[in-house]
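One file, work.cif, is given below (mmCIF, C-alpha atoms and all ligand atoms).
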data_upload
loop_
_atom_site.group_PDB
_atom_site.id
_atom_site.type_symbol
_atom_site.label_atom_id
_atom_site.label_comp_id
_atom_site.auth_asym_id
_atom_site.auth_seq_id
_atom_site.Cartn_x
_atom_site.Cartn_y
_atom_site.Cartn_z
ATOM 1 C CA MET A 1 -16.832 18.055 5.825
ATOM 2 C CA PHE A 2 -14.624 15.763 3.790
ATOM 3 C CA ASN A 3 -12.245 17.610 1.463
ATOM 4 C CA PHE A 4 -12.017 15.881 -1.906
ATOM 5 C CA ASN A 5 -9.179 18.093 -3.132
ATOM 6 C CA ASN A 6 -6.981 16.972 -0.248
ATOM 7 C CA PHE A 7 -8.117 13.411 -0.874
ATOM 8 C CA PHE A 8 -6.887 13.503 -4.474
ATOM 9 C CA LYS A 9 -3.574 15.004 -3.373
ATOM 10 C CA LYS A 10 -2.983 12.412 -0.694
ATOM 11 C CA ILE A 11 -4.797 9.457 -2.128
ATOM 12 C CA PHE A 12 -4.010 6.193 -0.367
ATOM 13 C CA SER A 13 -1.851 7.931 2.221
ATOM 14 C CA ALA A 14 -1.809 6.432 5.675
ATOM 15 C CA ASP A 15 -2.628 9.842 7.227
ATOM 16 C CA LYS A 16 -6.223 9.029 7.976
ATOM 17 C CA VAL A 17 -8.043 5.782 8.596
ATOM 18 C CA TYR A 18 -11.287 5.625 6.647
ATOM 19 C CA LEU A 19 -13.553 3.252 8.560
ATOM 20 C CA PRO A 20 -17.145 3.748 9.729
ATOM 21 C CA HIS A 21 -17.417 5.211 13.251
ATOM 22 C CA LYS A 22 -19.336 2.049 14.138
ATOM 23 C CA TYR A 23 -17.144 -0.523 12.450
ATOM 24 C CA ARG A 24 -18.621 -3.981 11.799
ATOM 25 C CA SER A 25 -16.510 -6.986 10.903
ATOM 26 C CA ASP A 26 -19.266 -8.227 8.565
ATOM 27 C CA ASP A 27 -19.128 -5.066 6.430
ATOM 28 C CA VAL A 28 -18.493 -5.839 2.772
ATOM 29 C CA TRP A 29 -16.051 -3.421 1.146
ATOM 30 C CA LEU A 30 -16.617 -2.512 -2.485
ATOM 31 C CA ALA A 31 -13.036 -1.644 -3.263
ATOM 32 C CA SER A 32 -11.464 -0.244 -6.398
ATOM 33 C CA PHE A 33 -8.898 2.137 -7.768
ATOM 34 C CA PRO A 34 -10.812 5.323 -8.740
ATOM 35 C CA LYS A 35 -12.662 5.125 -12.064
ATOM 36 C CA SER A 36 -12.878 1.345 -12.281
ATOM 37 C CA GLY A 37 -16.674 1.151 -12.404
ATOM 38 C CA ASN A 38 -17.546 1.274 -8.695
ATOM 39 C CA THR A 39 -20.650 3.438 -9.239
ATOM 40 C CA TRP A 40 -21.941 1.152 -11.968
ATOM 41 C CA VAL A 41 -21.617 -1.927 -9.721
ATOM 42 C CA SER A 42 -23.220 0.049 -6.868
ATOM 43 C CA PHE A 43 -26.210 0.917 -9.055
ATOM 44 C CA ILE A 44 -26.752 -2.688 -10.162
ATOM 45 C CA LEU A 45 -26.451 -3.986 -6.586
ATOM 46 C CA GLY A 46 -28.631 -1.161 -5.281
ATOM 47 C CA ASN A 47 -31.350 -1.806 -7.859
ATOM 48 C CA ALA A 48 -31.209 -5.545 -7.135
ATOM 49 C CA LEU A 49 -31.455 -5.008 -3.350
ATOM 50 C CA ILE A 50 -34.297 -2.488 -3.651
ATOM 51 C CA ASP A 51 -36.270 -4.908 -5.807
ATOM 52 C CA TYR A 52 -35.498 -8.013 -3.711
ATOM 53 C CA PHE A 53 -36.416 -6.357 -0.400
ATOM 54 C CA GLU A 54 -39.309 -4.413 -1.982
ATOM 55 C CA LYS A 55 -38.059 -1.057 -0.780
ATOM 56 C CA GLU A 56 -39.765 2.234 -1.626
ATOM 57 C CA ILE A 57 -36.627 4.066 -2.628
ATOM 58 C CA GLU A 58 -35.246 4.976 -6.021
ATOM 59 C CA MET A 59 -31.703 4.131 -7.028
ATOM 60 C CA ASN A 60 -30.201 7.462 -7.989
ATOM 61 C CA PHE A 61 -27.186 9.597 -7.136
ATOM 62 C CA ASP A 62 -28.989 11.450 -4.348
ATOM 63 C CA ASN A 63 -29.889 8.164 -2.609
ATOM 64 C CA LEU A 64 -26.612 6.352 -3.283
ATOM 65 C CA GLN A 65 -25.209 7.147 0.183
ATOM 66 C CA LYS A 66 -28.226 5.506 1.869
ATOM 67 C CA ILE A 67 -27.863 2.307 -0.165
ATOM 68 C CA ILE A 68 -24.162 1.737 -0.912
ATOM 69 C CA PRO A 69 -22.444 4.335 1.290
ATOM 70 C CA ASP A 70 -19.167 5.939 0.283
ATOM 71 C CA ILE A 71 -16.722 6.032 3.205
ATOM 72 C CA TYR A 72 -15.317 9.352 1.953
ATOM 73 C CA VAL A 73 -18.699 11.084 2.042
ATOM 74 C CA SER A 74 -19.361 10.110 5.664
ATOM 75 C CA GLN A 75 -17.952 7.718 8.240
ATOM 76 C CA ASP A 76 -21.221 7.999 10.095
ATOM 77 C CA ILE A 77 -23.001 5.035 8.500
ATOM 78 C CA PRO A 78 -26.186 3.549 10.043
ATOM 79 C CA GLU A 79 -25.584 0.084 11.507
ATOM 80 C CA LYS A 80 -28.375 -1.370 9.359
ATOM 81 C CA LEU A 81 -29.226 -0.148 5.894
ATOM 82 C CA GLY A 82 -32.570 -1.917 5.745
ATOM 83 C CA PHE A 83 -31.885 -4.796 3.370
ATOM 84 C CA GLY A 84 -32.710 -7.729 5.662
ATOM 85 C CA ASN A 85 -29.602 -9.516 6.882
ATOM 86 C CA THR A 86 -27.513 -8.306 3.956
ATOM 87 C CA PRO A 87 -24.385 -6.712 5.414
ATOM 88 C CA ARG A 88 -23.540 -3.097 4.702
ATOM 89 C CA ILE A 89 -21.758 -2.703 1.368
ATOM 90 C CA ILE A 90 -19.369 0.258 1.602
ATOM 91 C CA LYS A 91 -17.363 1.872 -1.186
ATOM 92 C CA THR A 92 -13.651 2.482 -0.648
ATOM 93 C CA HIS A 93 -10.597 3.409 -2.700
ATOM 94 C CA GLU A 94 -8.162 2.624 0.111
ATOM 95 C CA LEU A 95 -5.350 0.139 -0.137
ATOM 96 C CA TYR A 96 -6.184 -3.173 1.517
ATOM 97 C CA ARG A 97 -6.394 -3.006 5.327
ATOM 98 C CA SER A 98 -6.755 -5.857 7.779
ATOM 99 C CA GLU A 99 -10.089 -4.401 8.998
ATOM 100 C CA TYR A 100 -11.550 -5.226 5.590
ATOM 101 C CA LYS A 101 -12.742 -8.713 6.503
ATOM 102 C CA LYS A 102 -14.991 -9.124 3.449
ATOM 103 C CA SER A 103 -14.389 -7.463 0.128
ATOM 104 C CA ILE A 104 -15.211 -7.237 -3.536
ATOM 105 C CA TYR A 105 -12.423 -5.845 -5.697
ATOM 106 C CA ILE A 106 -13.354 -4.148 -8.976
ATOM 107 C CA ILE A 107 -10.688 -3.834 -11.636
ATOM 108 C CA ARG A 108 -10.582 -2.159 -15.033
ATOM 109 C CA ASP A 109 -7.878 -2.054 -17.676
ATOM 110 C CA PRO A 110 -5.449 0.350 -15.984
ATOM 111 C CA LYS A 111 -4.926 2.143 -19.292
ATOM 112 C CA ASP A 112 -8.648 2.977 -19.544
ATOM 113 C CA THR A 113 -8.730 3.717 -15.831
ATOM 114 C CA MET A 114 -5.974 6.302 -16.402
ATOM 115 C CA ILE A 115 -7.956 7.952 -19.223
ATOM 116 C CA SER A 116 -11.109 8.082 -17.117
ATOM 117 C CA TYR A 117 -9.226 9.391 -14.053
ATOM 118 C CA TYR A 118 -7.448 12.050 -16.115
ATOM 119 C CA TYR A 119 -10.711 13.514 -17.464
ATOM 120 C CA TYR A 120 -12.429 13.166 -14.105
ATOM 121 C CA LEU A 121 -9.752 15.288 -12.404
ATOM 122 C CA LYS A 122 -9.240 17.682 -15.310
ATOM 123 C CA GLU A 123 -12.864 18.329 -16.286
ATOM 124 C CA GLY A 124 -14.768 17.051 -13.263
ATOM 125 C CA HIS A 125 -12.581 18.791 -10.676
ATOM 126 C CA ASN A 126 -10.847 21.438 -12.840
ATOM 127 C CA GLN A 127 -7.482 20.257 -11.536
ATOM 128 C CA LYS A 128 -4.238 21.163 -13.279
ATOM 129 C CA VAL A 129 -3.206 17.685 -14.315
ATOM 130 C CA GLY A 130 -0.937 18.657 -17.213
ATOM 131 C CA ALA A 131 -0.540 16.531 -20.320
ATOM 132 C CA PHE A 132 -1.834 12.943 -20.240
ATOM 133 C CA SER A 133 1.709 11.535 -20.639
ATOM 134 C CA ASP A 134 2.826 13.478 -17.565
ATOM 135 C CA PHE A 135 -0.262 12.431 -15.623
ATOM 136 C CA ILE A 136 0.344 8.693 -16.045
ATOM 137 C CA ARG A 137 3.907 9.248 -14.808
ATOM 138 C CA SER A 138 2.755 11.310 -11.795
ATOM 139 C CA ASP A 139 2.020 10.038 -8.284
ATOM 140 C CA ARG A 140 -1.634 9.503 -9.264
ATOM 141 C CA GLY A 141 -0.668 7.587 -12.381
ATOM 142 C CA ILE A 142 0.200 4.004 -13.258
ATOM 143 C CA ASN A 143 2.432 3.482 -10.243
ATOM 144 C CA SER A 144 -0.443 4.355 -8.002
ATOM 145 C CA TRP A 145 -2.638 1.784 -9.793
ATOM 146 C CA CYS A 146 0.095 -0.858 -9.364
ATOM 147 C CA LYS A 147 0.400 -0.099 -5.667
ATOM 148 C CA HIS A 148 -3.367 -0.455 -5.255
ATOM 149 C CA ALA A 149 -3.600 -3.728 -7.192
ATOM 150 C CA LYS A 150 -0.598 -5.203 -5.351
ATOM 151 C CA SER A 151 -2.136 -4.416 -2.010
ATOM 152 C CA TRP A 152 -5.432 -6.124 -2.926
ATOM 153 C CA ILE A 153 -4.296 -9.213 -4.816
ATOM 154 C CA ASN A 154 -5.201 -12.381 -2.878
ATOM 155 C CA LYS A 155 -7.010 -10.341 -0.238
ATOM 156 C CA TYR A 156 -10.446 -9.978 -1.832
ATOM 157 C CA ASP A 157 -13.282 -12.505 -1.646
ATOM 158 C CA VAL A 158 -14.649 -11.687 -5.098
ATOM 159 C CA ILE A 159 -12.982 -9.972 -8.031
ATOM 160 C CA ILE A 160 -14.937 -8.527 -10.913
ATOM 161 C CA SER A 161 -13.756 -6.643 -13.948
ATOM 162 C CA TYR A 162 -15.289 -3.744 -15.838
ATOM 163 C CA GLU A 163 -14.658 -5.526 -19.119
ATOM 164 C CA ASN A 164 -16.442 -8.711 -17.978
ATOM 165 C CA LEU A 165 -19.249 -6.582 -16.645
ATOM 166 C CA LYS A 166 -19.640 -5.109 -20.118
ATOM 167 C CA GLN A 167 -19.591 -8.519 -21.755
ATOM 168 C CA ASP A 168 -21.736 -10.540 -19.367
ATOM 169 C CA PRO A 169 -23.083 -8.384 -16.535
ATOM 170 C CA ARG A 170 -25.341 -11.093 -15.127
ATOM 171 C CA ALA A 171 -22.535 -13.634 -14.681
ATOM 172 C CA GLU A 172 -20.275 -11.013 -13.141
ATOM 173 C CA ILE A 173 -22.852 -9.675 -10.669
ATOM 174 C CA LYS A 174 -23.899 -13.215 -9.740
ATOM 175 C CA LYS A 175 -20.425 -13.736 -8.284
ATOM 176 C CA ILE A 176 -21.252 -10.961 -5.817
ATOM 177 C CA LEU A 177 -24.809 -12.165 -5.140
ATOM 178 C CA ASN A 178 -23.543 -15.683 -4.419
ATOM 179 C CA PHE A 179 -21.032 -14.251 -2.004
ATOM 180 C CA LEU A 180 -23.831 -12.293 -0.289
ATOM 181 C CA SER A 181 -26.077 -15.420 -0.341
ATOM 182 C CA LEU A 182 -28.735 -13.518 -2.267
ATOM 183 C CA ASP A 183 -30.729 -15.729 -4.583
ATOM 184 C CA ILE A 184 -32.161 -13.216 -7.023
ATOM 185 C CA PRO A 185 -34.028 -14.696 -10.025
ATOM 186 C CA ASP A 186 -32.460 -13.986 -13.415
ATOM 187 C CA GLU A 187 -35.316 -11.913 -14.755
ATOM 188 C CA ARG A 188 -35.188 -9.589 -11.727
ATOM 189 C CA LEU A 189 -31.437 -9.307 -11.977
ATOM 190 C CA ASN A 190 -31.773 -8.515 -15.687
ATOM 191 C CA GLU A 191 -34.122 -5.698 -14.733
ATOM 192 C CA ALA A 192 -31.603 -4.284 -12.211
ATOM 193 C CA ILE A 193 -28.910 -4.425 -14.900
ATOM 194 C CA LYS A 194 -31.162 -2.694 -17.423
ATOM 195 C CA LYS A 195 -32.005 0.078 -14.972
ATOM 196 C CA SER A 196 -28.242 0.576 -14.490
ATOM 197 C CA SER A 197 -27.306 0.795 -18.179
ATOM 198 C CA PHE A 198 -25.001 3.605 -19.279
ATOM 199 C CA ASP A 199 -27.872 5.472 -20.967
ATOM 200 C CA ASN A 200 -30.200 5.127 -17.988
ATOM 201 C CA MET A 201 -27.514 6.200 -15.536
ATOM 202 C CA ARG A 202 -26.680 9.220 -17.718
ATOM 203 C CA GLN A 203 -30.371 10.153 -17.671
ATOM 204 C CA ILE A 204 -30.523 9.665 -13.893
ATOM 205 C CA GLU A 205 -27.466 11.908 -13.591
ATOM 206 C CA LYS A 206 -29.231 14.567 -15.685
ATOM 207 C CA ASN A 207 -32.330 14.323 -13.457
ATOM 208 C CA SER A 208 -30.352 14.385 -10.177
ATOM 209 C CA SER A 209 -30.274 17.407 -7.931
ATOM 210 C CA LEU A 210 -26.834 19.011 -7.811
ATOM 211 C CA LYS A 211 -26.422 17.936 -4.156
ATOM 212 C CA TRP A 212 -24.431 14.833 -5.046
ATOM 213 C CA LYS A 213 -22.062 16.725 -7.349
ATOM 214 C CA LYS A 214 -21.629 19.454 -4.731
ATOM 215 C CA GLU A 215 -20.879 16.848 -2.042
ATOM 216 C CA HIS A 216 -18.155 15.449 -4.290
ATOM 217 C CA LYS A 217 -16.882 18.938 -5.257
ATOM 218 C CA MET A 218 -17.587 18.104 -8.888
ATOM 219 C CA ASP A 219 -18.110 20.633 -11.680
ATOM 220 C CA LYS A 220 -21.851 20.778 -12.356
ATOM 221 C CA ASN A 221 -21.291 20.654 -16.116
ATOM 222 C CA PHE A 222 -19.221 17.455 -16.002
ATOM 223 C CA TYR A 223 -20.918 14.161 -16.791
ATOM 224 C CA PHE A 224 -19.711 11.582 -14.274
ATOM 225 C CA ILE A 225 -21.324 8.964 -16.517
ATOM 226 C CA ARG A 226 -18.861 10.099 -19.152
ATOM 227 C CA LYS A 227 -18.101 7.605 -21.904
ATOM 228 C CA GLY A 228 -18.314 4.088 -20.514
ATOM 229 C CA GLU A 229 -16.261 2.405 -23.204
ATOM 230 C CA VAL A 230 -13.478 -0.146 -23.264
ATOM 231 C CA ARG A 231 -10.184 0.479 -25.073
ATOM 232 C CA GLN A 232 -10.363 4.277 -24.835
ATOM 233 C CA TRP A 233 -6.618 4.075 -24.207
ATOM 234 C CA GLN A 234 -5.981 3.307 -27.889
ATOM 235 C CA ALA A 235 -6.632 6.966 -28.693
ATOM 236 C CA GLY A 236 -4.859 8.331 -25.615
ATOM 237 C CA PHE A 237 -1.617 6.356 -25.181
ATOM 238 C CA SER A 238 1.427 7.128 -27.311
ATOM 239 C CA LYS A 239 3.937 4.364 -28.091
ATOM 240 C CA GLU A 240 6.189 5.740 -25.332
ATOM 241 C CA ASP A 241 3.275 5.792 -22.887
ATOM 242 C CA LEU A 242 2.517 2.157 -23.654
ATOM 243 C CA PHE A 243 6.140 1.216 -23.210
ATOM 244 C CA PHE A 244 6.190 3.068 -19.886
ATOM 245 C CA TYR A 245 2.997 1.258 -18.833
ATOM 246 C CA GLU A 246 4.433 -2.171 -19.651
ATOM 247 C CA ARG A 247 7.606 -1.394 -17.734
ATOM 248 C CA GLN A 248 5.655 -0.265 -14.660
ATOM 249 C CA ILE A 249 3.496 -3.391 -14.690
ATOM 250 C CA ALA A 250 6.629 -5.539 -14.931
ATOM 251 C CA ALA A 251 8.420 -3.552 -12.212
ATOM 252 C CA GLY A 252 5.368 -3.967 -9.967
ATOM 253 C CA GLY A 253 5.455 -7.752 -10.457
ATOM 254 C CA LEU A 254 1.972 -7.554 -11.964
ATOM 255 C CA GLU A 255 2.584 -9.166 -15.381
ATOM 256 C CA TYR A 256 0.761 -12.385 -14.538
ATOM 257 C CA PHE A 257 -2.235 -10.523 -13.127
ATOM 258 C CA ALA A 258 -2.375 -8.046 -16.034
ATOM 259 C CA LYS A 259 -2.098 -10.814 -18.633
ATOM 260 C CA LYS A 260 -4.867 -12.803 -16.950
ATOM 261 C CA TYR A 261 -7.268 -9.915 -17.523
ATOM 262 C CA ASN A 262 -5.898 -8.988 -20.989
ATOM 263 C CA TYR A 263 -4.455 -5.751 -19.677
ATOM 264 C CA LEU A 264 -1.089 -6.498 -21.323
HETATM 265 P P1 LIG A 301 -15.441 6.702 -18.174
HETATM 266 O O1 LIG A 301 -14.866 7.944 -17.582
HETATM 267 O O2 LIG A 301 -14.446 5.924 -18.967
HETATM 268 O O3 LIG A 301 -16.683 6.956 -18.950
HETATM 269 P P2 LIG A 301 -16.151 4.924 -10.874
HETATM 270 O O4 LIG A 301 -17.585 4.839 -10.570
HETATM 271 O O5 LIG A 301 -15.355 3.806 -10.275
HETATM 272 O O6 LIG A 301 -15.608 6.278 -10.555
HETATM 273 O O7 LIG A 301 -15.990 4.699 -12.458
HETATM 274 C C1 LIG A 301 -16.463 5.676 -13.359
HETATM 275 C C2 LIG A 301 -16.375 5.094 -14.757
HETATM 276 O O8 LIG A 301 -17.404 4.097 -14.906
HETATM 277 C C3 LIG A 301 -16.625 6.154 -15.844
HETATM 278 O O9 LIG A 301 -15.857 5.744 -16.958
HETATM 279 C C4 LIG A 301 -18.119 5.961 -16.070
HETATM 280 O O10 LIG A 301 -18.599 6.476 -17.276
HETATM 281 C C5 LIG A 301 -18.192 4.439 -16.047
HETATM 282 N N1 LIG A 301 -19.576 3.974 -15.851
HETATM 283 C C6 LIG A 301 -20.461 4.344 -14.919
HETATM 284 N N2 LIG A 301 -21.636 3.742 -15.122
HETATM 285 C C7 LIG A 301 -21.502 2.959 -16.211
HETATM 286 C C8 LIG A 301 -22.382 2.078 -16.937
HETATM 287 N N3 LIG A 301 -23.633 1.902 -16.575
HETATM 288 N N4 LIG A 301 -21.886 1.430 -18.013
HETATM 289 C C9 LIG A 301 -20.596 1.596 -18.403
HETATM 290 N N5 LIG A 301 -19.727 2.426 -17.767
HETATM 291 C C10 LIG A 301 -20.170 3.091 -16.683
#
Could I get this structure in the form of structure tokens?
Ligand code: A3P
Amino acid sequence: MFNFNNFFKKIFSADKVYLPHKYRSDDVWLASFPKSGNTWVSFILGNALIDYFEKEIEMNFDNLQKIIPDIYVSQDIPEKLGFGNTPRIIKTHELYRSEYKKSIYIIRDPKDTMISYYYYLKEGHNQKVGAFSDFIRSDRGINSWCKHAKSWINKYDVIISYENLKQDPRAEIKKILNFLSLDIPDERLNEAIKKSSFDNMRQIEKNSSLKWKKEHKMDKNFYFIRKGEVRQWQAGFSKEDLFFYERQIAAGGLEYFAKKYNYL
């Protein structure tokens, strides 16, 4: 059984290679730094695929692994997931690897990502993460985000951002559907987006069995669908934290990238 506590300690280490036992070069990797909106994108894609291929399965947390599998939950992934010729879409948090032949990279303002990650570890996993200022300076903090982004830049086929997804979800998801050659009519895509709204996903989380939370070693009282807002960092970053953030982005050579997405 996969140990999530070890995973969070050694995140992105080269100790273990996370690939399906039956690797396929046409697999599409849904890659992101933790807490960038991967589950949200998975729900929209899952709802769209279920509708398009007229599948009798509900998009919820218990079924997530059957629809958009998470490589950390199991490396034993069926060769076909039952959505016609659509390749398997597999979630990963790993740094870029050459085996990832096709990929979608999800980004979110690293400052909000840090806030989300902090509460996820502190309240979702009851980890001793210390003060927020210390957390962003730790090995799971901003440097870790920079390392992840640097490894993925220019390697992905499609990039989508959490903020754009908030603003214009249809346009953002269409980038993925075009890449997958899936011609889903707007009204059906709108429906998939509606089913995957923050409020609906929170309700689905409330109705889920605790199996999914147990599998992810998550506190049963923690809401994974937590806040879902942009600019949460404004209440969490001190002036010194912001200064530290800007310095790390510059040191990582990521100023151009961060400015392009309004993260600076
Ligand atoms: P917050 O902790 O800021 O609320 P990931 O799935 O990559 O771990 O990302 C989790 C983050 O995405 C959490 O952010 C979660 O609330 C947010 N999220 C999940 N579903 C969402 C939705 N439908 N709309 C907006 N945000 C969503």
Next on the checklist: Just want the residues within 6 Å of ligand LIG 301 (chain A), written as a list in words, counting only C-alpha atoms and all ligand atoms.
Outcome noted: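 The neighbouring residues of ligand LIG 301 (chain A) are, in order, Pro34, Lys35, Ser36, Gly37, Asn38, Thr39, Trp40, Ser116, Ser196, Ser197, Phe198, Met201, Ile225, Arg226, Lys227, Gly228 and Glu229 of chain A.
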Checklist entry - With distances taken over only C-alpha atoms, which of A:Tyr72, A:Phe132, A:Tyr96, A:Phe43 is nearest to Asn60 in chain A? => result A:Phe43
Item to check | For Leu121 in chain A, the nearest of the candidates A:Lys174, A:Lys155, A:Arg140, A:Lys259, counting all atoms listed in the file | outcome: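 Smallest distance to Leu121 in chain A is found for A:Arg140.
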Checklist entry - In terms of the shortest atom-to-atom distance over only C-alpha atoms, which of A:Asp157, A:Glu246, A:Glu205, A:Glu123 is closest to Met59 in chain A? => result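 Among A:Asp157, A:Glu246, A:Glu205, A:Glu123, it is A:Glu205 that comes nearest to Met59 in chain A.
Nearest residue to Ala149 in chain A among A:Ser32, A:Gln167, A:Thr113, A:Gln232 is A:Ser32, counting only C-alpha atoms.
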Checklist entry - Which polymer residues, protein or nucleic acid, are no farther than 9 Å from (-2.0, -4.7, -23.2), counting only C-alpha atoms, as a PyMOL selection string? => result chain A and resi 109+111+242+245-246+258-259+262-264
Item to check | Ground truth for the PyMOL selection byres (((chain A and resi 67-69) around 9) and not hetatm), written as a ChimeraX atom specification | outcome: /A:30,42-43,45-46,49-50,59,63-66,70-75,77,81-83,88-91
Checklist entry - With all atoms listed in the file as the atoms that count, which of A:Arg231, A:Lys206, A:Lys150, A:Arg170 lies nearest to Arg108 in chain A? => result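 Comparing A:Arg231, A:Lys206, A:Lys150, A:Arg170 against Arg108 in chain A, the winner is A:Arg231.
Comparing A:Lys55, A:Arg97, A:Lys260, A:Lys211 by their smallest distance to Ala31 in chain A, the closest is A:Arg97 (using all atoms listed in the file).
The two atoms in question, CA of Glu163 in chain A and CA of Asp219 in chain A, are spaced 27.4 Å apart.
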